[in-house]
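File shown here: final.txt, holding compact mmCIF, N, CA and C atoms.
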# COMPACT_ATOMS: atom_id res chain seq x y z
N MET K 20 0.85 -1.19 0.00
CA MET K 20 0.00 0.00 0.00
C MET K 20 0.89 1.25 0.00
N SER K 21 0.58 2.18 -0.87
CA SER K 21 1.39 3.39 -0.97
C SER K 21 0.82 4.49 -0.09
N GLN K 22 1.70 5.40 0.28
CA GLN K 22 1.31 6.57 1.07
C GLN K 22 1.23 7.75 0.13
N ILE K 23 0.14 8.53 0.19
CA ILE K 23 -0.03 9.69 -0.68
C ILE K 23 -0.26 10.94 0.18
N GLN K 24 0.44 12.02 -0.17
CA GLN K 24 0.24 13.32 0.48
C GLN K 24 -0.16 14.32 -0.59
N THR K 25 -1.26 15.04 -0.34
CA THR K 25 -1.75 16.05 -1.27
C THR K 25 -1.79 17.39 -0.56
N SER K 26 -1.22 18.42 -1.19
CA SER K 26 -1.16 19.75 -0.59
C SER K 26 -1.41 20.82 -1.64
N ILE K 27 -2.07 21.90 -1.20
CA ILE K 27 -2.17 23.11 -2.03
C ILE K 27 -0.90 23.91 -1.81
N GLU K 28 -0.27 24.33 -2.90
CA GLU K 28 0.84 25.29 -2.81
C GLU K 28 0.21 26.66 -3.05
N LEU K 29 0.16 27.48 -2.01
CA LEU K 29 -0.48 28.79 -2.15
C LEU K 29 0.21 29.62 -3.23
N HIS K 30 1.56 29.60 -3.22
CA HIS K 30 2.32 30.24 -4.30
C HIS K 30 1.95 29.51 -5.59
N ASP K 31 1.65 30.22 -6.62
CA ASP K 31 1.23 29.67 -7.92
C ASP K 31 -0.26 29.32 -7.98
N SER K 32 -1.01 29.59 -6.90
CA SER K 32 -2.46 29.44 -6.95
C SER K 32 -3.09 30.80 -7.25
N ASN K 33 -4.30 30.78 -7.74
CA ASN K 33 -5.01 32.02 -8.11
C ASN K 33 -6.20 32.26 -7.19
N LEU K 34 -6.23 33.43 -6.59
CA LEU K 34 -7.37 33.87 -5.79
C LEU K 34 -8.40 34.43 -6.77
N SER K 35 -9.49 33.70 -6.98
CA SER K 35 -10.44 34.10 -8.01
C SER K 35 -11.70 34.75 -7.44
N ASP K 36 -12.02 34.47 -6.17
CA ASP K 36 -13.20 35.07 -5.57
C ASP K 36 -13.04 35.09 -4.06
N CYS K 37 -13.67 36.07 -3.42
CA CYS K 37 -13.54 36.26 -1.98
C CYS K 37 -14.77 37.03 -1.51
N LYS K 38 -15.75 36.32 -0.93
CA LYS K 38 -17.02 36.96 -0.55
C LYS K 38 -17.51 36.47 0.80
N PHE K 39 -18.23 37.37 1.48
CA PHE K 39 -18.87 37.02 2.75
C PHE K 39 -20.26 36.44 2.51
N TYR K 40 -20.59 35.40 3.27
CA TYR K 40 -21.92 34.80 3.29
C TYR K 40 -22.27 34.55 4.75
N GLU K 41 -23.16 35.37 5.33
CA GLU K 41 -23.65 35.20 6.69
C GLU K 41 -22.52 35.00 7.70
N GLY K 42 -21.51 35.87 7.68
CA GLY K 42 -20.40 35.81 8.63
C GLY K 42 -19.29 34.86 8.25
N MET K 43 -19.48 34.11 7.17
CA MET K 43 -18.46 33.19 6.69
C MET K 43 -17.81 33.78 5.45
N LEU K 44 -16.47 33.79 5.42
CA LEU K 44 -15.77 34.24 4.24
C LEU K 44 -15.48 33.02 3.38
N VAL K 45 -15.90 33.07 2.12
CA VAL K 45 -15.66 31.99 1.18
C VAL K 45 -14.63 32.48 0.17
N ILE K 46 -13.50 31.76 0.11
CA ILE K 46 -12.40 32.10 -0.78
C ILE K 46 -12.27 30.99 -1.81
N GLU K 47 -12.28 31.38 -3.08
CA GLU K 47 -12.14 30.38 -4.13
C GLU K 47 -10.78 30.53 -4.80
N LEU K 48 -10.11 29.41 -4.93
CA LEU K 48 -8.84 29.34 -5.66
C LEU K 48 -9.14 28.61 -6.97
N ARG K 49 -9.07 29.36 -8.08
CA ARG K 49 -9.36 28.78 -9.40
C ARG K 49 -8.27 29.19 -10.35
N PRO K 50 -7.31 28.32 -10.62
CA PRO K 50 -7.14 27.05 -9.91
C PRO K 50 -6.15 27.19 -8.75
N ALA K 51 -6.14 26.15 -7.92
CA ALA K 51 -5.08 25.99 -6.92
C ALA K 51 -4.01 25.10 -7.55
N TYR K 52 -2.76 25.36 -7.19
CA TYR K 52 -1.67 24.48 -7.65
C TYR K 52 -1.49 23.40 -6.58
N ILE K 53 -1.50 22.15 -7.00
CA ILE K 53 -1.50 21.01 -6.08
C ILE K 53 -0.22 20.20 -6.22
N HIS K 54 0.35 19.82 -5.07
CA HIS K 54 1.44 18.84 -5.04
C HIS K 54 0.84 17.51 -4.61
N LYS K 55 1.11 16.46 -5.37
CA LYS K 55 0.73 15.10 -4.96
C LYS K 55 2.01 14.29 -4.88
N TRP K 56 2.26 13.73 -3.69
CA TRP K 56 3.45 12.93 -3.46
C TRP K 56 3.01 11.53 -3.07
N GLU K 57 3.59 10.54 -3.73
CA GLU K 57 3.28 9.15 -3.44
C GLU K 57 4.58 8.41 -3.11
N MET K 58 4.56 7.67 -1.98
CA MET K 58 5.72 6.88 -1.58
C MET K 58 5.62 5.54 -2.29
N LEU K 59 6.57 5.30 -3.20
CA LEU K 59 6.63 4.04 -3.94
C LEU K 59 8.02 3.43 -3.76
N ASN K 60 8.05 2.20 -3.26
CA ASN K 60 9.32 1.49 -3.07
C ASN K 60 10.34 2.33 -2.30
N GLY K 61 9.88 3.02 -1.25
CA GLY K 61 10.77 3.79 -0.40
C GLY K 61 11.20 5.14 -0.95
N LYS K 62 10.60 5.56 -2.06
CA LYS K 62 10.99 6.83 -2.69
C LYS K 62 9.74 7.67 -2.98
N TRP K 63 9.82 8.99 -2.70
CA TRP K 63 8.72 9.89 -3.00
C TRP K 63 8.72 10.24 -4.49
N ILE K 64 7.57 10.10 -5.14
CA ILE K 64 7.36 10.50 -6.53
C ILE K 64 6.34 11.62 -6.51
N GLY K 65 6.71 12.79 -7.04
CA GLY K 65 5.83 13.97 -6.96
C GLY K 65 5.33 14.43 -8.30
N THR K 66 4.08 14.88 -8.30
CA THR K 66 3.48 15.46 -9.50
C THR K 66 2.77 16.75 -9.13
N GLY K 67 2.73 17.68 -10.09
CA GLY K 67 2.03 18.95 -9.90
C GLY K 67 0.74 18.94 -10.71
N TRP K 68 -0.31 19.47 -10.13
CA TRP K 68 -1.65 19.46 -10.73
C TRP K 68 -2.29 20.82 -10.51
N VAL K 69 -3.34 21.11 -11.25
CA VAL K 69 -4.21 22.25 -10.94
C VAL K 69 -5.62 21.71 -10.69
N GLN K 70 -6.28 22.30 -9.71
CA GLN K 70 -7.63 21.92 -9.33
C GLN K 70 -8.23 23.07 -8.54
N ASP K 71 -9.51 23.28 -8.70
CA ASP K 71 -10.19 24.33 -7.94
C ASP K 71 -10.32 23.93 -6.48
N ALA K 72 -10.29 24.93 -5.59
CA ALA K 72 -10.43 24.69 -4.16
C ALA K 72 -11.28 25.80 -3.56
N LYS K 73 -11.97 25.45 -2.48
CA LYS K 73 -12.79 26.42 -1.77
C LYS K 73 -12.40 26.42 -0.29
N MET K 74 -12.10 27.62 0.23
CA MET K 74 -11.80 27.81 1.66
C MET K 74 -13.01 28.47 2.29
N ARG K 75 -13.35 28.02 3.48
CA ARG K 75 -14.43 28.64 4.25
C ARG K 75 -13.87 28.98 5.63
N ILE K 76 -14.01 30.26 6.01
CA ILE K 76 -13.56 30.70 7.32
C ILE K 76 -14.78 31.20 8.08
N ASP K 77 -15.12 30.50 9.18
CA ASP K 77 -16.28 30.86 9.99
C ASP K 77 -15.99 32.07 10.86
N ASN K 78 -17.03 32.89 11.08
CA ASN K 78 -16.93 34.07 11.94
C ASN K 78 -15.73 34.92 11.52
N ALA K 79 -15.62 35.15 10.21
CA ALA K 79 -14.43 35.78 9.63
C ALA K 79 -14.42 37.29 9.81
N SER K 80 -13.20 37.79 10.00
CA SER K 80 -12.95 39.21 10.09
C SER K 80 -11.72 39.51 9.23
N VAL K 81 -11.86 40.46 8.30
CA VAL K 81 -10.77 40.81 7.38
C VAL K 81 -10.09 42.07 7.86
N SER K 82 -8.75 42.05 7.93
CA SER K 82 -7.96 43.25 8.25
C SER K 82 -7.72 44.00 6.95
N GLY K 83 -8.05 45.27 6.94
CA GLY K 83 -7.83 46.08 5.73
C GLY K 83 -8.92 45.84 4.69
N LYS K 84 -8.58 46.18 3.44
CA LYS K 84 -9.58 46.09 2.37
C LYS K 84 -9.51 44.74 1.66
N MET K 85 -10.62 44.36 1.08
CA MET K 85 -10.68 43.13 0.29
C MET K 85 -9.89 43.36 -1.00
N PRO K 86 -9.17 42.34 -1.46
CA PRO K 86 -8.37 42.50 -2.68
C PRO K 86 -9.23 42.50 -3.94
N THR K 87 -8.71 43.08 -4.98
CA THR K 87 -9.35 42.99 -6.30
C THR K 87 -8.99 41.63 -6.88
N VAL K 88 -10.01 40.89 -7.29
CA VAL K 88 -9.80 39.55 -7.85
C VAL K 88 -10.22 39.54 -9.31
N PRO K 89 -9.67 38.64 -10.11
CA PRO K 89 -8.72 37.59 -9.76
C PRO K 89 -7.31 38.12 -9.63
N VAL K 90 -6.50 37.42 -8.81
CA VAL K 90 -5.10 37.80 -8.61
C VAL K 90 -4.31 36.55 -8.19
N GLU K 91 -3.06 36.48 -8.61
CA GLU K 91 -2.22 35.35 -8.25
C GLU K 91 -1.67 35.54 -6.83
N ILE K 92 -1.52 34.43 -6.12
CA ILE K 92 -0.96 34.44 -4.77
C ILE K 92 0.54 34.20 -4.87
N SER K 93 1.32 35.03 -4.16
CA SER K 93 2.78 34.83 -4.18
C SER K 93 3.27 34.07 -2.96
N ASP K 94 2.52 34.11 -1.85
CA ASP K 94 2.91 33.40 -0.64
C ASP K 94 1.72 33.41 0.31
N GLY K 95 1.78 32.55 1.32
CA GLY K 95 0.70 32.55 2.28
C GLY K 95 0.94 31.61 3.43
N MET K 96 0.07 31.72 4.45
CA MET K 96 0.16 30.85 5.62
C MET K 96 -1.18 30.78 6.31
N ILE K 97 -1.36 29.68 7.05
CA ILE K 97 -2.50 29.49 7.93
C ILE K 97 -1.95 29.15 9.30
N SER K 98 -2.48 29.79 10.33
CA SER K 98 -2.14 29.39 11.70
C SER K 98 -3.44 28.99 12.40
N SER K 99 -3.37 27.87 13.09
CA SER K 99 -4.53 27.36 13.80
C SER K 99 -4.08 26.28 14.77
N GLY K 100 -4.70 26.26 15.93
CA GLY K 100 -4.41 25.21 16.89
C GLY K 100 -2.96 25.13 17.30
N GLY K 101 -2.26 26.27 17.33
CA GLY K 101 -0.86 26.27 17.72
C GLY K 101 0.09 25.84 16.61
N SER K 102 -0.44 25.54 15.43
CA SER K 102 0.39 25.14 14.29
C SER K 102 0.40 26.22 13.23
N ILE K 103 1.51 26.32 12.50
CA ILE K 103 1.62 27.26 11.38
C ILE K 103 1.92 26.45 10.13
N PHE K 104 1.12 26.65 9.12
CA PHE K 104 1.28 25.98 7.83
C PHE K 104 1.68 27.06 6.83
N THR K 105 2.92 26.98 6.32
CA THR K 105 3.45 28.00 5.44
C THR K 105 3.49 27.49 4.01
N ASN K 106 2.76 28.15 3.13
CA ASN K 106 2.72 27.92 1.69
C ASN K 106 2.11 26.58 1.27
N LEU K 107 2.50 25.45 1.88
CA LEU K 107 1.93 24.15 1.55
C LEU K 107 0.90 23.77 2.60
N ILE K 108 -0.35 23.57 2.15
CA ILE K 108 -1.45 23.25 3.05
C ILE K 108 -2.01 21.89 2.66
N SER K 109 -1.90 20.89 3.54
CA SER K 109 -2.44 19.57 3.25
C SER K 109 -3.95 19.66 3.08
N VAL K 110 -4.46 18.92 2.10
CA VAL K 110 -5.91 18.90 1.88
C VAL K 110 -6.41 17.47 1.88
N PRO K 111 -7.65 17.25 2.33
CA PRO K 111 -8.55 18.28 2.87
C PRO K 111 -8.00 18.84 4.18
N PHE K 112 -8.43 20.08 4.52
CA PHE K 112 -7.93 20.78 5.69
C PHE K 112 -9.12 21.24 6.52
N ASN K 113 -9.16 20.85 7.80
CA ASN K 113 -10.23 21.26 8.71
C ASN K 113 -9.63 21.55 10.07
N MET K 114 -9.77 22.79 10.52
CA MET K 114 -9.29 23.16 11.85
C MET K 114 -10.39 23.98 12.54
N ASN K 115 -10.72 23.58 13.76
CA ASN K 115 -11.68 24.32 14.56
C ASN K 115 -10.92 25.09 15.63
N GLY K 116 -11.45 26.24 15.99
CA GLY K 116 -10.78 27.09 16.96
C GLY K 116 -10.22 28.32 16.26
N PRO K 117 -9.63 29.23 17.03
CA PRO K 117 -9.10 30.45 16.45
C PRO K 117 -8.11 30.14 15.32
N CYS K 118 -8.26 30.87 14.21
CA CYS K 118 -7.38 30.64 13.06
C CYS K 118 -7.10 31.96 12.36
N ARG K 119 -6.05 31.93 11.56
CA ARG K 119 -5.65 33.12 10.80
C ARG K 119 -5.13 32.67 9.44
N LEU K 120 -5.55 33.38 8.41
CA LEU K 120 -5.07 33.16 7.04
C LEU K 120 -4.43 34.44 6.57
N LYS K 121 -3.25 34.32 5.96
CA LYS K 121 -2.58 35.48 5.39
C LYS K 121 -2.13 35.11 3.99
N LEU K 122 -2.59 35.86 2.99
CA LEU K 122 -2.20 35.64 1.60
C LEU K 122 -1.50 36.89 1.08
N GLN K 123 -0.26 36.73 0.62
CA GLN K 123 0.49 37.80 -0.03
C GLN K 123 0.18 37.67 -1.52
N LEU K 124 -0.31 38.73 -2.14
CA LEU K 124 -0.73 38.69 -3.53
C LEU K 124 0.30 39.37 -4.43
N VAL K 125 0.39 38.93 -5.69
CA VAL K 125 1.37 39.51 -6.60
C VAL K 125 1.09 40.99 -6.86
N SER K 126 -0.12 41.44 -6.60
CA SER K 126 -0.48 42.86 -6.74
C SER K 126 0.15 43.72 -5.66
N GLY K 127 0.72 43.08 -4.62
CA GLY K 127 1.27 43.81 -3.48
C GLY K 127 0.31 43.86 -2.32
N ASP K 128 -0.97 43.56 -2.57
CA ASP K 128 -1.96 43.52 -1.50
C ASP K 128 -1.74 42.30 -0.61
N VAL K 129 -2.24 42.40 0.62
CA VAL K 129 -2.19 41.28 1.56
C VAL K 129 -3.60 41.06 2.07
N LEU K 130 -4.07 39.83 1.99
CA LEU K 130 -5.38 39.47 2.55
C LEU K 130 -5.12 38.78 3.89
N GLU K 131 -5.58 39.41 4.97
CA GLU K 131 -5.44 38.82 6.31
C GLU K 131 -6.82 38.61 6.89
N VAL K 132 -7.09 37.37 7.29
CA VAL K 132 -8.40 36.98 7.80
C VAL K 132 -8.22 36.23 9.11
N SER K 133 -9.03 36.56 10.09
CA SER K 133 -9.07 35.75 11.31
C SER K 133 -10.48 35.21 11.45
N GLY K 134 -10.60 34.08 12.13
CA GLY K 134 -11.90 33.46 12.31
C GLY K 134 -11.85 32.41 13.39
N ARG K 135 -12.91 31.58 13.46
CA ARG K 135 -12.96 30.56 14.50
C ARG K 135 -12.87 29.14 13.97
N ALA K 136 -12.82 28.98 12.65
CA ALA K 136 -12.64 27.65 12.04
C ALA K 136 -12.31 27.87 10.57
N ILE K 137 -11.53 26.94 10.01
CA ILE K 137 -11.21 27.02 8.59
C ILE K 137 -11.33 25.63 7.98
N ASN K 138 -11.91 25.61 6.80
CA ASN K 138 -12.13 24.36 6.06
C ASN K 138 -11.68 24.60 4.63
N ILE K 139 -10.92 23.65 4.07
CA ILE K 139 -10.53 23.74 2.66
C ILE K 139 -10.90 22.42 2.01
N GLU K 140 -11.62 22.51 0.91
CA GLU K 140 -11.95 21.30 0.17
C GLU K 140 -11.71 21.52 -1.32
N MET K 141 -11.37 20.44 -1.98
CA MET K 141 -11.11 20.49 -3.41
C MET K 141 -12.43 20.40 -4.17
N GLN K 142 -12.45 21.00 -5.36
CA GLN K 142 -13.65 21.05 -6.20
C GLN K 142 -13.31 20.50 -7.59
N GLY K 143 -14.16 19.68 -8.14
CA GLY K 143 -13.96 19.21 -9.51
C GLY K 143 -12.78 18.26 -9.65
N GLU K 144 -12.32 18.11 -10.88
CA GLU K 144 -11.25 17.18 -11.20
C GLU K 144 -9.90 17.89 -11.28
N ALA K 145 -8.84 17.17 -10.92
CA ALA K 145 -7.48 17.70 -11.04
C ALA K 145 -6.96 17.44 -12.45
N THR K 146 -6.14 18.37 -12.94
CA THR K 146 -5.50 18.25 -14.24
C THR K 146 -3.98 18.22 -14.05
N PHE K 147 -3.32 17.20 -14.60
CA PHE K 147 -1.87 17.05 -14.48
C PHE K 147 -1.16 18.21 -15.17
N VAL K 148 -0.09 18.73 -14.52
CA VAL K 148 0.71 19.80 -15.08
C VAL K 148 2.15 19.33 -15.33
N GLU K 149 2.78 18.74 -14.29
CA GLU K 149 4.20 18.43 -14.41
C GLU K 149 4.66 17.46 -13.33
N ASN K 150 5.83 16.86 -13.55
CA ASN K 150 6.50 16.09 -12.52
C ASN K 150 7.27 17.06 -11.64
N LEU K 151 7.33 16.77 -10.33
CA LEU K 151 8.01 17.64 -9.39
C LEU K 151 9.41 17.12 -9.09
N PRO K 152 10.36 18.03 -8.86
CA PRO K 152 11.72 17.60 -8.55
C PRO K 152 11.78 16.87 -7.21
N GLU K 153 12.64 15.87 -7.14
CA GLU K 153 12.77 15.05 -5.94
C GLU K 153 13.12 15.87 -4.71
N GLU K 154 13.88 16.97 -4.88
CA GLU K 154 14.28 17.77 -3.71
C GLU K 154 13.09 18.48 -3.05
N TRP K 155 11.94 18.52 -3.70
CA TRP K 155 10.75 19.11 -3.09
C TRP K 155 9.95 18.10 -2.27
N SER K 156 10.38 16.85 -2.27
CA SER K 156 9.59 15.79 -1.64
C SER K 156 9.42 16.04 -0.12
N PRO K 157 8.34 15.46 0.44
CA PRO K 157 8.13 15.58 1.87
C PRO K 157 9.29 14.97 2.64
N LYS K 158 9.54 15.50 3.80
CA LYS K 158 10.59 14.93 4.65
C LYS K 158 10.04 13.66 5.31
N THR K 159 10.78 12.60 5.21
CA THR K 159 10.37 11.34 5.80
C THR K 159 10.92 11.25 7.21
N THR K 160 10.05 10.91 8.15
CA THR K 160 10.49 10.73 9.54
C THR K 160 10.45 9.25 9.85
N GLU K 161 11.47 8.77 10.43
CA GLU K 161 11.57 7.33 10.75
C GLU K 161 10.98 7.08 12.11
Let's see the structure in the file written out as structure tokens.
Amino acid sequence: MSQIQTSIELHDSNLSDCKFYEGMLVIELRPAYIHKWEMLNGKWIGTGWVQDAKMRIDNASVSGKMPTVPVEISDGMISSGGSIFTNLISVPFNMNGPCRLKLQLVSGDVLEVSGRAINIEMQGEATFVENLPEEWSPKTTE
């Protein structure tokens, strides 16, 4: 049985929509850039994909102004539950409790959101883009 890790790389993903719905901020990445790593015969094999993703932040509060979309993301992070996830976010992603999302956009704008829970789910089908270099592979812990 192989081990598979799937993550959104915020860098190279596109922020296509960002709207409030009854206190929840819904952020759409169309597309998100995805890393898929599979452990085969003791070696990580990585591929890059694009696929749409939707983030939902409950009880959301935005610092500053909402960005003009669509716009490419240059960097980002999520902090929740005492953990910080920088640029690569494993999916699906569900964290309850105080959370913060920060997206640095190529426009120079920064989207900063705080809330009480964050959920990220993939939408639709993934499309293959490229093979990933071995040096990007997940770190294996023995």
Discussion item. Under the rule that only C-alpha atoms are counted, which of K:Met43, K:Asn33, K:Gln24, K:Ser102 is the nearest residue to K:Glu57?
Written reply: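 Of K:Met43, K:Asn33, K:Gln24, K:Ser102, the one nearest K:Glu57 is K:Gln24, counting only C-alpha atoms.
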Fill in: Local residues around (0.1, 10.1, -6.7), at most 8 Å away, using only N, CA and C atoms, as a list in words
Gln22, Ile23, Gln24, His54, Lys55, Trp56, Glu57, Met58, Ile64, Gly65 and Thr66 of chain K
Item to complete: Can you check which residues of chain K DSSP gives as strand (DSSP E) on the backbone and send them as JSON, numbers by chain?
Response: {"K": [22, 23, 24, 25, 26, 27, 28, 33, 34, 35, 36, 37, 38, 39, 40, 43, 44, 45, 46, 47, 48, 49, 50, 51, 52, 53, 54, 55, 56, 57, 58, 59, 62, 63, 64, 65, 66, 67, 68, 69, 70, 71, 72, 73, 74, 75, 76, 77, 80, 81, 82, 90, 91, 92, 93, 94, 95, 96, 97, 98, 99, 102, 103, 104, 105, 107, 108, 109, 112, 113, 114, 115, 116, 117, 118, 119, 120, 121, 122, 123, 124, 129, 130, 131, 132, 133, 134, 135, 136, 137, 138, 139, 140, 141, 142, 143, 144, 145, 146, 147, 148, 149, 150]}
Discussion item. I'd like the interatomic distance between atom CA of K:Trp68 and atom N of K:Val88, to a tenth of an Å.
Written reply: 23.3 Å
Practice prompt. Just the residues within 12 Å of K:Thr146, please, counting only C-alpha atoms, with nothing from its chain fewer than 3 positions along; format it as JSON, numbers by chain.
Written response: {"K": [50, 51, 52, 53, 54, 55, 66, 67, 68, 69, 70, 71, 142, 143, 149]}
Discussion item. So, with only C-alpha atoms as the atoms that count, which of K:Arg75, K:Lys62, K:Ile97, K:Pro117 lies closest to K:Glu153?
Written reply: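 Closest to K:Glu153, using only C-alpha atoms: K:Lys62.
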Discussion item. Rounded to one decimal, what separation in Å do you get between atom C of K:His30 and atom CA of K:Asn113?
Written reply: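 One can read the atom C of K:His30 to atom CA of K:Asn113 distance as 20.5 Å.
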Worksheet entry | Nearest residue to K:Glu28 from the set K:Leu107, K:Ala136, K:Ile92, K:Val125 (distances using all atoms listed in the file) |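 Residue with the minimum atom-to-atom distance to K:Glu28: K:Leu107.
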Worksheet item: So which residues fall inside 8 Å of (-15.6, 34.3, -8.6) if we count all atoms listed in the file? Mind giving them as a list in words?
Response: Leu34, Ser35, Asp36, Cys37, Lys38, Glu47, Val88 and Pro89 of chain K
Worksheet item: Which value, in Å to one decimal, gives the distance between atom CA of K:Gly101 and atom N of K:Val129?
Response: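 A separation of 23.5 Å between them.
Candidate residues K:Leu151, K:Leu130, K:Ile27, K:Ile108 were compared for distance to K:Lys84, and the nearest is K:Leu130, using only N, CA and C atoms.
Between K:Asn78 and the candidates K:Asn60, K:Ser133, K:Ser109, K:Asn150, the tightest atom-to-atom separation, counting only N, CA and C atoms, involves K:Ser133.
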Discussion item. Need to verify the contact set: K:Val110, 6.5 Å, all atoms listed in the file, exclusion of same-chain residues closer than 6 positions in sequence. Can you return it as a ChimeraX atom specification?
Written reply: /K:25-27,139
Practice prompt. For K:Lys73, please output as a list of chain:residue names all residues within 9 Å (counting only C-alpha atoms; exclusion window: fewer than 4 positions along the same chain).
Written response: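 The residues satisfying every condition are K:Val45, K:Ile46, K:Glu47, K:Leu48, K:Arg49, K:Asn138, K:Ile139, K:Glu140, K:Met141, K:Gln142.
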Discussion item. What's around K:Cys118 at 6 Å? Count only N, CA and C atoms, leave out sequence neighbours fewer than 2 positions away in its own chain, and write the answer as a list of chain:residue names.
Written reply: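 Listed by chain and then number, they are K:Ser98, K:Ser99, K:Gly100, K:Gly116, K:Leu120, K:Val132, K:Ser133, K:Gly134, K:Arg135, K:Ala136.
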Worksheet item: Using only C-alpha atoms, which residues sit within 9 Å of K:Ser93 once same-chain residues fewer than 2 positions away are excluded, as a PyMOL selection string?
Response: chain K and resi 29-32+91+95+122-125
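Minimum atom-to-atom distances from K:Ser80, K:Trp63, K:Met114, K:Met85 to K:Ser156 were compared using only N, CA and C atoms, and the lowest value belongs to K:Trp63.
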Kindly write stretch 95-106 of chain K with N, CA and C atoms to a file, as a short mmCIF file (atom, residue, chain, number, x, y, z; two decimals), in the first residue's frame.
data_model
loop_
_atom_site.label_atom_id
_atom_site.label_comp_id
_atom_site.auth_asym_id
_atom_site.auth_seq_id
_atom_site.Cartn_x
_atom_site.Cartn_y
_atom_site.Cartn_z
N GLY K 95 1.78 32.55 1.32
CA GLY K 95 0.70 32.55 2.28
C GLY K 95 0.94 31.61 3.43
N MET K 96 0.07 31.72 4.45
CA MET K 96 0.16 30.85 5.62
C MET K 96 -1.18 30.78 6.31
N ILE K 97 -1.36 29.68 7.05
CA ILE K 97 -2.50 29.49 7.93
C ILE K 97 -1.95 29.15 9.30
N SER K 98 -2.48 29.79 10.33
CA SER K 98 -2.14 29.39 11.70
C SER K 98 -3.44 28.99 12.40
N SER K 99 -3.37 27.87 13.09
CA SER K 99 -4.53 27.36 13.80
C SER K 99 -4.08 26.28 14.77
N GLY K 100 -4.70 26.26 15.93
CA GLY K 100 -4.41 25.21 16.89
C GLY K 100 -2.96 25.13 17.30
N GLY K 101 -2.26 26.27 17.33
CA GLY K 101 -0.86 26.27 17.72
C GLY K 101 0.09 25.84 16.61
N SER K 102 -0.44 25.54 15.43
CA SER K 102 0.39 25.14 14.29
C SER K 102 0.40 26.22 13.23
N ILE K 103 1.51 26.32 12.50
CA ILE K 103 1.62 27.26 11.38
C ILE K 103 1.92 26.45 10.13
N PHE K 104 1.12 26.65 9.12
CA PHE K 104 1.28 25.98 7.83
C PHE K 104 1.68 27.06 6.83
N THR K 105 2.92 26.98 6.32
CA THR K 105 3.45 28.00 5.44
C THR K 105 3.49 27.49 4.01
N ASN K 106 2.76 28.15 3.13
CA ASN K 106 2.72 27.92 1.69
C ASN K 106 2.11 26.58 1.27
#
